[in-house]
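As provided, structure.cif (mmCIF, C-alpha atoms) reads as follows.
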data_my_file
#
loop_
_atom_site.label_atom_id
_atom_site.label_comp_id
_atom_site.auth_asym_id
_atom_site.auth_seq_id
_atom_site.Cartn_x
_atom_site.Cartn_y
_atom_site.Cartn_z
CA MET R 1 20.48 -56.40 88.89
CA SER R 2 21.43 -57.91 85.55
CA SER R 3 23.96 -56.18 83.42
CA VAL R 4 23.27 -55.43 79.78
CA PRO R 5 25.82 -57.12 77.45
CA PRO R 6 27.88 -54.69 75.47
CA LEU R 7 26.61 -53.98 72.00
CA ARG R 8 28.83 -55.51 69.31
CA LEU R 9 28.98 -53.69 66.05
CA THR R 10 29.51 -55.73 62.90
CA PRO R 11 32.28 -54.15 60.86
CA VAL R 12 30.99 -52.74 57.63
CA GLU R 13 33.04 -53.63 54.58
CA ASP R 14 34.79 -50.69 53.05
CA PRO R 15 32.83 -49.37 50.00
CA PRO R 16 35.88 -49.53 47.71
CA ALA R 17 36.27 -53.23 48.57
CA LEU R 18 32.61 -53.86 47.74
CA HIS R 19 33.04 -52.08 44.43
CA ALA R 20 36.14 -54.10 43.55
CA ARG R 21 34.38 -57.36 44.36
CA ALA R 22 31.37 -56.39 42.26
CA MET R 23 33.61 -55.50 39.31
CA ASP R 24 35.40 -58.84 39.61
CA ASN R 25 32.08 -60.66 39.57
CA LEU R 26 30.87 -58.72 36.54
CA ARG R 27 34.14 -59.40 34.72
CA PHE R 28 33.85 -63.13 35.46
CA ILE R 29 30.24 -63.22 34.23
CA ARG R 30 31.11 -61.31 31.06
CA GLU R 31 34.08 -63.55 30.23
CA THR R 32 32.00 -66.68 30.89
CA MET R 33 29.24 -65.46 28.58
CA GLU R 34 31.78 -64.56 25.89
CA ARG R 35 33.30 -68.04 26.02
CA ALA R 36 29.87 -69.66 25.95
CA GLY R 37 28.85 -67.58 22.92
CA SER R 38 32.07 -68.01 20.92
CA PHE R 39 32.93 -70.65 18.37
CA THR R 40 36.43 -71.70 19.40
CA ALA R 41 36.82 -74.78 17.19
CA VAL R 42 38.55 -72.85 14.40
CA SER R 43 41.70 -74.86 13.73
CA GLY R 44 44.93 -72.90 13.64
CA TRP R 45 46.92 -75.85 12.32
CA ALA R 46 44.43 -76.26 9.47
CA MET R 47 45.05 -72.60 8.60
CA CYS R 48 48.78 -73.30 8.47
CA ALA R 49 48.12 -76.21 6.10
CA THR R 50 45.93 -73.95 3.98
CA GLY R 51 48.79 -71.47 3.78
CA GLY R 52 51.10 -74.24 2.63
CA LEU R 53 48.68 -75.28 -0.12
CA ALA R 54 48.41 -71.67 -1.27
CA LEU R 55 52.18 -71.48 -1.53
CA VAL R 56 52.26 -74.65 -3.62
CA ALA R 57 49.52 -73.28 -5.89
CA ALA R 58 51.46 -70.06 -6.39
CA LEU R 59 54.59 -72.01 -7.35
CA VAL R 60 52.72 -74.28 -9.77
CA ALA R 61 50.47 -71.69 -11.39
CA GLU R 62 51.42 -69.17 -14.00
CA PHE R 63 50.95 -65.46 -13.33
CA ASP R 64 48.29 -65.23 -16.02
CA ALA R 65 44.92 -65.54 -14.28
CA ASN R 66 43.30 -66.36 -17.62
CA SER R 67 45.47 -69.46 -17.94
CA PRO R 68 43.72 -72.81 -17.28
CA ARG R 69 46.79 -73.89 -15.32
CA TRP R 70 46.45 -70.93 -12.97
CA LEU R 71 42.79 -71.60 -12.28
CA ALA R 72 43.35 -75.35 -11.86
CA ALA R 73 46.18 -74.81 -9.37
CA TRP R 74 44.16 -72.47 -7.18
CA MET R 75 40.99 -74.55 -7.42
CA GLY R 76 43.00 -77.57 -6.31
CA ALA R 77 44.34 -75.59 -3.35
CA LEU R 78 40.79 -74.53 -2.50
CA VAL R 79 39.43 -78.08 -2.50
CA GLY R 80 42.33 -79.32 -0.39
CA SER R 81 41.97 -76.44 2.05
CA VAL R 82 38.24 -77.01 2.51
CA ALA R 83 38.78 -80.73 3.16
CA ILE R 84 41.55 -80.12 5.71
CA SER R 85 39.68 -77.29 7.44
CA VAL R 86 36.43 -79.24 7.79
CA TRP R 87 38.22 -82.33 9.11
CA ALA R 88 40.33 -80.34 11.59
CA THR R 89 37.41 -78.22 12.79
CA VAL R 90 35.17 -81.25 13.39
CA ARG R 91 38.00 -82.98 15.24
CA LYS R 92 38.71 -79.95 17.43
CA ALA R 93 35.02 -79.39 18.16
CA ARG R 94 34.54 -83.02 19.22
CA ARG R 95 37.59 -82.86 21.44
CA ALA R 96 36.18 -79.76 23.13
CA GLY R 97 32.64 -81.18 23.33
CA MET R 98 31.32 -78.30 21.21
CA PRO R 99 28.33 -78.86 18.86
CA LEU R 100 28.91 -77.71 15.29
CA LEU R 101 25.33 -77.33 14.10
CA SER R 102 23.87 -75.47 17.07
CA GLY R 103 24.71 -72.41 19.10
CA PRO R 104 27.85 -70.47 18.10
CA GLY R 105 28.90 -73.12 15.56
CA ARG R 106 25.68 -72.72 13.60
CA LYS R 107 25.94 -68.92 13.67
CA PHE R 108 29.56 -69.13 12.50
CA VAL R 109 28.67 -71.31 9.51
CA LEU R 110 25.63 -69.19 8.56
CA ALA R 111 27.72 -66.00 8.63
CA PHE R 112 30.66 -67.53 6.75
CA SER R 113 28.74 -69.23 3.94
CA PRO R 114 26.98 -66.41 2.00
CA PRO R 115 30.14 -64.43 1.05
CA MET R 116 31.83 -67.68 -0.01
CA LEU R 117 28.84 -68.58 -2.19
CA VAL R 118 29.01 -65.13 -3.77
CA GLY R 119 32.70 -65.71 -4.42
CA ALA R 120 31.96 -68.99 -6.20
CA LEU R 121 29.34 -67.37 -8.42
CA LEU R 122 31.56 -64.40 -9.27
CA THR R 123 34.40 -66.78 -10.12
CA VAL R 124 32.27 -68.42 -12.80
CA VAL R 125 31.10 -65.06 -14.15
CA LEU R 126 34.58 -63.50 -14.26
CA VAL R 127 36.18 -66.54 -15.90
CA ARG R 128 33.46 -66.78 -18.55
CA SER R 129 33.73 -63.07 -19.33
CA GLY R 130 37.52 -63.14 -19.62
CA GLN R 131 38.06 -60.98 -16.54
CA ALA R 132 39.87 -63.55 -14.40
CA ALA R 133 42.50 -60.92 -13.59
CA LEU R 134 39.99 -59.59 -11.04
CA LEU R 135 39.87 -62.91 -9.18
CA PRO R 136 42.75 -62.31 -6.73
CA GLY R 137 41.14 -59.15 -5.37
CA THR R 138 37.66 -60.66 -5.47
CA TRP R 139 38.70 -63.78 -3.60
CA LEU R 140 40.65 -61.89 -0.96
CA LEU R 141 37.86 -59.38 -0.43
CA LEU R 142 35.03 -61.91 -0.14
CA TYR R 143 37.04 -64.31 1.99
CA GLY R 144 37.88 -61.42 4.29
CA THR R 145 34.19 -60.52 4.43
CA ALA R 146 33.27 -64.10 5.32
CA VAL R 147 35.87 -64.32 8.08
CA LEU R 148 34.91 -60.90 9.45
CA ALA R 149 31.23 -61.83 9.58
CA ALA R 150 31.80 -65.27 11.09
CA GLY R 151 34.45 -63.90 13.42
CA ALA R 152 31.76 -62.03 15.32
CA PHE R 153 30.89 -65.45 16.81
CA SER R 154 34.47 -66.56 17.43
CA VAL R 155 37.59 -65.47 19.29
CA ARG R 156 38.96 -61.98 18.60
CA VAL R 157 41.88 -63.07 16.46
CA VAL R 158 39.52 -64.46 13.80
CA PRO R 159 37.84 -61.15 12.82
CA ALA R 160 41.27 -59.51 12.99
CA MET R 161 42.45 -61.93 10.32
CA GLY R 162 39.32 -61.23 8.29
CA GLY R 163 40.05 -57.52 8.41
CA CYS R 164 43.56 -58.09 7.06
CA PHE R 165 42.21 -60.16 4.17
CA PHE R 166 39.62 -57.48 3.45
CA LEU R 167 42.27 -54.75 3.21
CA LEU R 168 44.48 -56.87 0.96
CA GLY R 169 41.52 -57.60 -1.29
CA ALA R 170 40.60 -53.95 -1.59
CA ALA R 171 44.20 -53.16 -2.55
CA ALA R 172 44.41 -56.06 -5.01
CA LEU R 173 41.29 -54.96 -6.89
CA PHE R 174 43.01 -51.72 -7.92
CA ALA R 175 46.56 -53.08 -8.26
CA PRO R 176 48.30 -54.23 -11.47
CA PRO R 177 47.89 -57.97 -12.14
CA GLN R 178 51.42 -58.89 -10.99
CA VAL R 179 50.98 -56.99 -7.72
CA ALA R 180 47.54 -58.53 -7.20
CA HIS R 181 49.09 -62.00 -7.43
CA VAL R 182 51.68 -61.08 -4.80
CA LEU R 183 48.96 -59.73 -2.52
CA MET R 184 46.97 -62.93 -2.96
CA LEU R 185 49.99 -65.01 -2.00
CA LEU R 186 50.63 -62.73 0.98
CA GLY R 187 47.04 -63.26 2.09
CA PHE R 188 46.28 -66.91 1.48
CA ALA R 189 49.77 -68.12 2.40
CA GLY R 190 51.22 -65.52 4.77
CA LEU R 191 48.16 -64.50 6.77
CA HIS R 192 46.91 -68.07 7.11
CA VAL R 193 50.22 -69.28 8.50
CA GLY R 194 50.74 -66.28 10.78
CA PHE R 195 47.25 -66.22 12.27
CA GLY R 196 47.06 -70.02 12.25
CA ILE R 197 50.09 -70.27 14.55
CA ALA R 198 48.60 -67.62 16.85
CA ILE R 199 45.26 -69.46 17.05
CA ALA R 200 46.89 -72.85 17.55
CA ARG R 201 49.04 -71.58 20.43
CA SER R 202 46.34 -69.58 22.19
CA HIS R 203 43.21 -71.63 21.55
CA GLY R 204 44.13 -75.28 21.69
CA GLY R 205 45.22 -76.21 18.19
#

What is this file in structure tokens?
Amino acid sequence: MSSVPPLRLTPVEDPPALHARAMDNLRFIRETMERAGSFTAVSGWAMCATGGLALVAALVAEFDANSPRWLAAWMGALVGSVAISVWATVRKARRAGMPLLSGPGRKFVLAFSPPMLVGALLTVVLVRSGQAALLPGTWLLLYGTAVLAAGAFSVRVVPAMGGCFFLLGAAALFAPPQVAHVLMLLGFAGLHVGFGIAIARSHGG
């Protein structure tokens, strides 16, 4: 008479362990999707260089925003900053194998550009109408808006920087001219250098 082999029960994994594994998998998927949908080619070192140019502009320019020297100094800093930032961003994107004109890069540029275009148009209008004293607050506010909007497609530190610029701009719009100039220097020099170092150390340059 043949004997029936003993029934072997497969141990069932403890429900808490299953839950922990599922949460780990969801966390991994979420982080992977965030990285895939983020534009990480923002150059921290280019931001530091931009901060340096802003400091030079502040030292060269007079405190009178209606002075041609003031406008020329800050326009020169703007042109230099754009050139450095574009070069550094393209270089970082190529090194990371990230396309600039598709995916997150395209969304970043499309979100960043409109507020900057508005800033350029308002600069012409304010200078022509003799209200250049409003430029520090206007520039800070619109640059902060651009960085906030574009930062939605980048790493978290980018929109945080945009928020700081936005707050400084709002304060500068209602501040006396001398204070507005200090706030502009604090923003374009101080914030760029501070956040630039943080981005360079945490996100590859």

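Residue neighbourhood of stretch 67-81 of chain R, excluding near-sequence residues (fewer than 5 positions): Ala46, Met47, Ala49, Thr50, Gly51, Leu53, Ala54, Val56, Ala57, Ala58, Val60, Ala61, Glu62, Val86 and Ala132 of chain R, at 9 Å, using all atoms listed in the file.
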
Those same residues - C-alpha atoms - I'd like them written as a PDB file, in the frame of the given file.
ATOM      1  CA  ALA R  46      44.430 -76.260   9.470  1.00  0.00           C
ATOM      2  CA  MET R  47      45.050 -72.600   8.600  1.00  0.00           C
ATOM      3  CA  ALA R  49      48.120 -76.210   6.100  1.00  0.00           C
ATOM      4  CA  THR R  50      45.930 -73.950   3.980  1.00  0.00           C
ATOM      5  CA  GLY R  51      48.790 -71.470   3.780  1.00  0.00           C
ATOM      6  CA  LEU R  53      48.680 -75.280  -0.120  1.00  0.00           C
ATOM      7  CA  ALA R  54      48.410 -71.670  -1.270  1.00  0.00           C
ATOM      8  CA  VAL R  56      52.260 -74.650  -3.620  1.00  0.00           C
ATOM      9  CA  ALA R  57      49.520 -73.280  -5.890  1.00  0.00           C
ATOM     10  CA  ALA R  58      51.460 -70.060  -6.390  1.00  0.00           C
ATOM     11  CA  VAL R  60      52.720 -74.280  -9.770  1.00  0.00           C
ATOM     12  CA  ALA R  61      50.470 -71.690 -11.390  1.00  0.00           C
ATOM     13  CA  GLU R  62      51.420 -69.170 -14.000  1.00  0.00           C
ATOM     14  CA  VAL R  86      36.430 -79.240   7.790  1.00  0.00           C
ATOM     15  CA  ALA R 132      39.870 -63.550 -14.400  1.00  0.00           C
TER      16      ALA R 132
END

Got a sec to resolve the PyMOL selection byres ((chain R and resi 89) around 10) on this structure and send the residues as a ChimeraX atom specification? /R:40-46,84-88,90-95,100,205

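Rounded to one decimal, atom CA of R:Cys48 and atom CA of R:Gly169 lie 19.9 Å from each other.
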
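Distance annotation: of R:Gly97, R:Gly119, R:Pro114, R:Pro159, the residue with the minimal separation from R:Pro136 is R:Gly119; atom set is only C-alpha atoms.
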
In Å, with one decimal, what is the gap from atom CA of R:Ala120 to atom CA of R:Gly194? 25.5 Å

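One distance worth recording is that between atom CA of R:Ala65 and atom CA of R:Leu183, which is 13.7 Å.
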
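If you apply the PyMOL selection byres ((chain R and resi 138) around 9) to this structure, you end up with Gly119, Leu122, Thr123, Leu134, Leu135, Pro136, Gly137, Trp139, Leu140, Leu141, Leu142, Tyr143, Gly169, Ala170, Ala172 and Leu173 of chain R.
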
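Among the candidates R:Ala149, R:Leu168, R:Ala200, R:Leu126, the one nearest to R:Ala111 when counting all atoms listed in the file is R:Ala149.
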
Residues in the PyMOL selection byres ((chain R and resi 110) around 12), expressed as a compact mmCIF listing (two decimals) with C-alpha atoms, in the frame of the given file:
# COMPACT_ATOMS: atom_id res chain seq x y z
CA LEU R 100 28.91 -77.71 15.29
CA LEU R 101 25.33 -77.33 14.10
CA SER R 102 23.87 -75.47 17.07
CA GLY R 103 24.71 -72.41 19.10
CA PRO R 104 27.85 -70.47 18.10
CA GLY R 105 28.90 -73.12 15.56
CA ARG R 106 25.68 -72.72 13.60
CA LYS R 107 25.94 -68.92 13.67
CA PHE R 108 29.56 -69.13 12.50
CA VAL R 109 28.67 -71.31 9.51
CA ALA R 111 27.72 -66.00 8.63
CA PHE R 112 30.66 -67.53 6.75
CA SER R 113 28.74 -69.23 3.94
CA PRO R 114 26.98 -66.41 2.00
CA PRO R 115 30.14 -64.43 1.05
CA MET R 116 31.83 -67.68 -0.01
CA LEU R 117 28.84 -68.58 -2.19
CA ALA R 146 33.27 -64.10 5.32
CA VAL R 147 35.87 -64.32 8.08
CA ALA R 149 31.23 -61.83 9.58
CA ALA R 150 31.80 -65.27 11.09
CA GLY R 151 34.45 -63.90 13.42
CA ALA R 152 31.76 -62.03 15.32
CA PHE R 153 30.89 -65.45 16.81

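Ranking R:Gly187, R:Ser202, R:His192, R:Ala133 by their shortest atom-to-atom distance to R:Ala175, with only C-alpha atoms included, puts R:Ala133 first.
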
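With distances taken over all atoms listed in the file, R:Leu191 is the one residue among R:Val125, R:Ala83, R:Leu185, R:Leu191 lying closest to R:Gly163.
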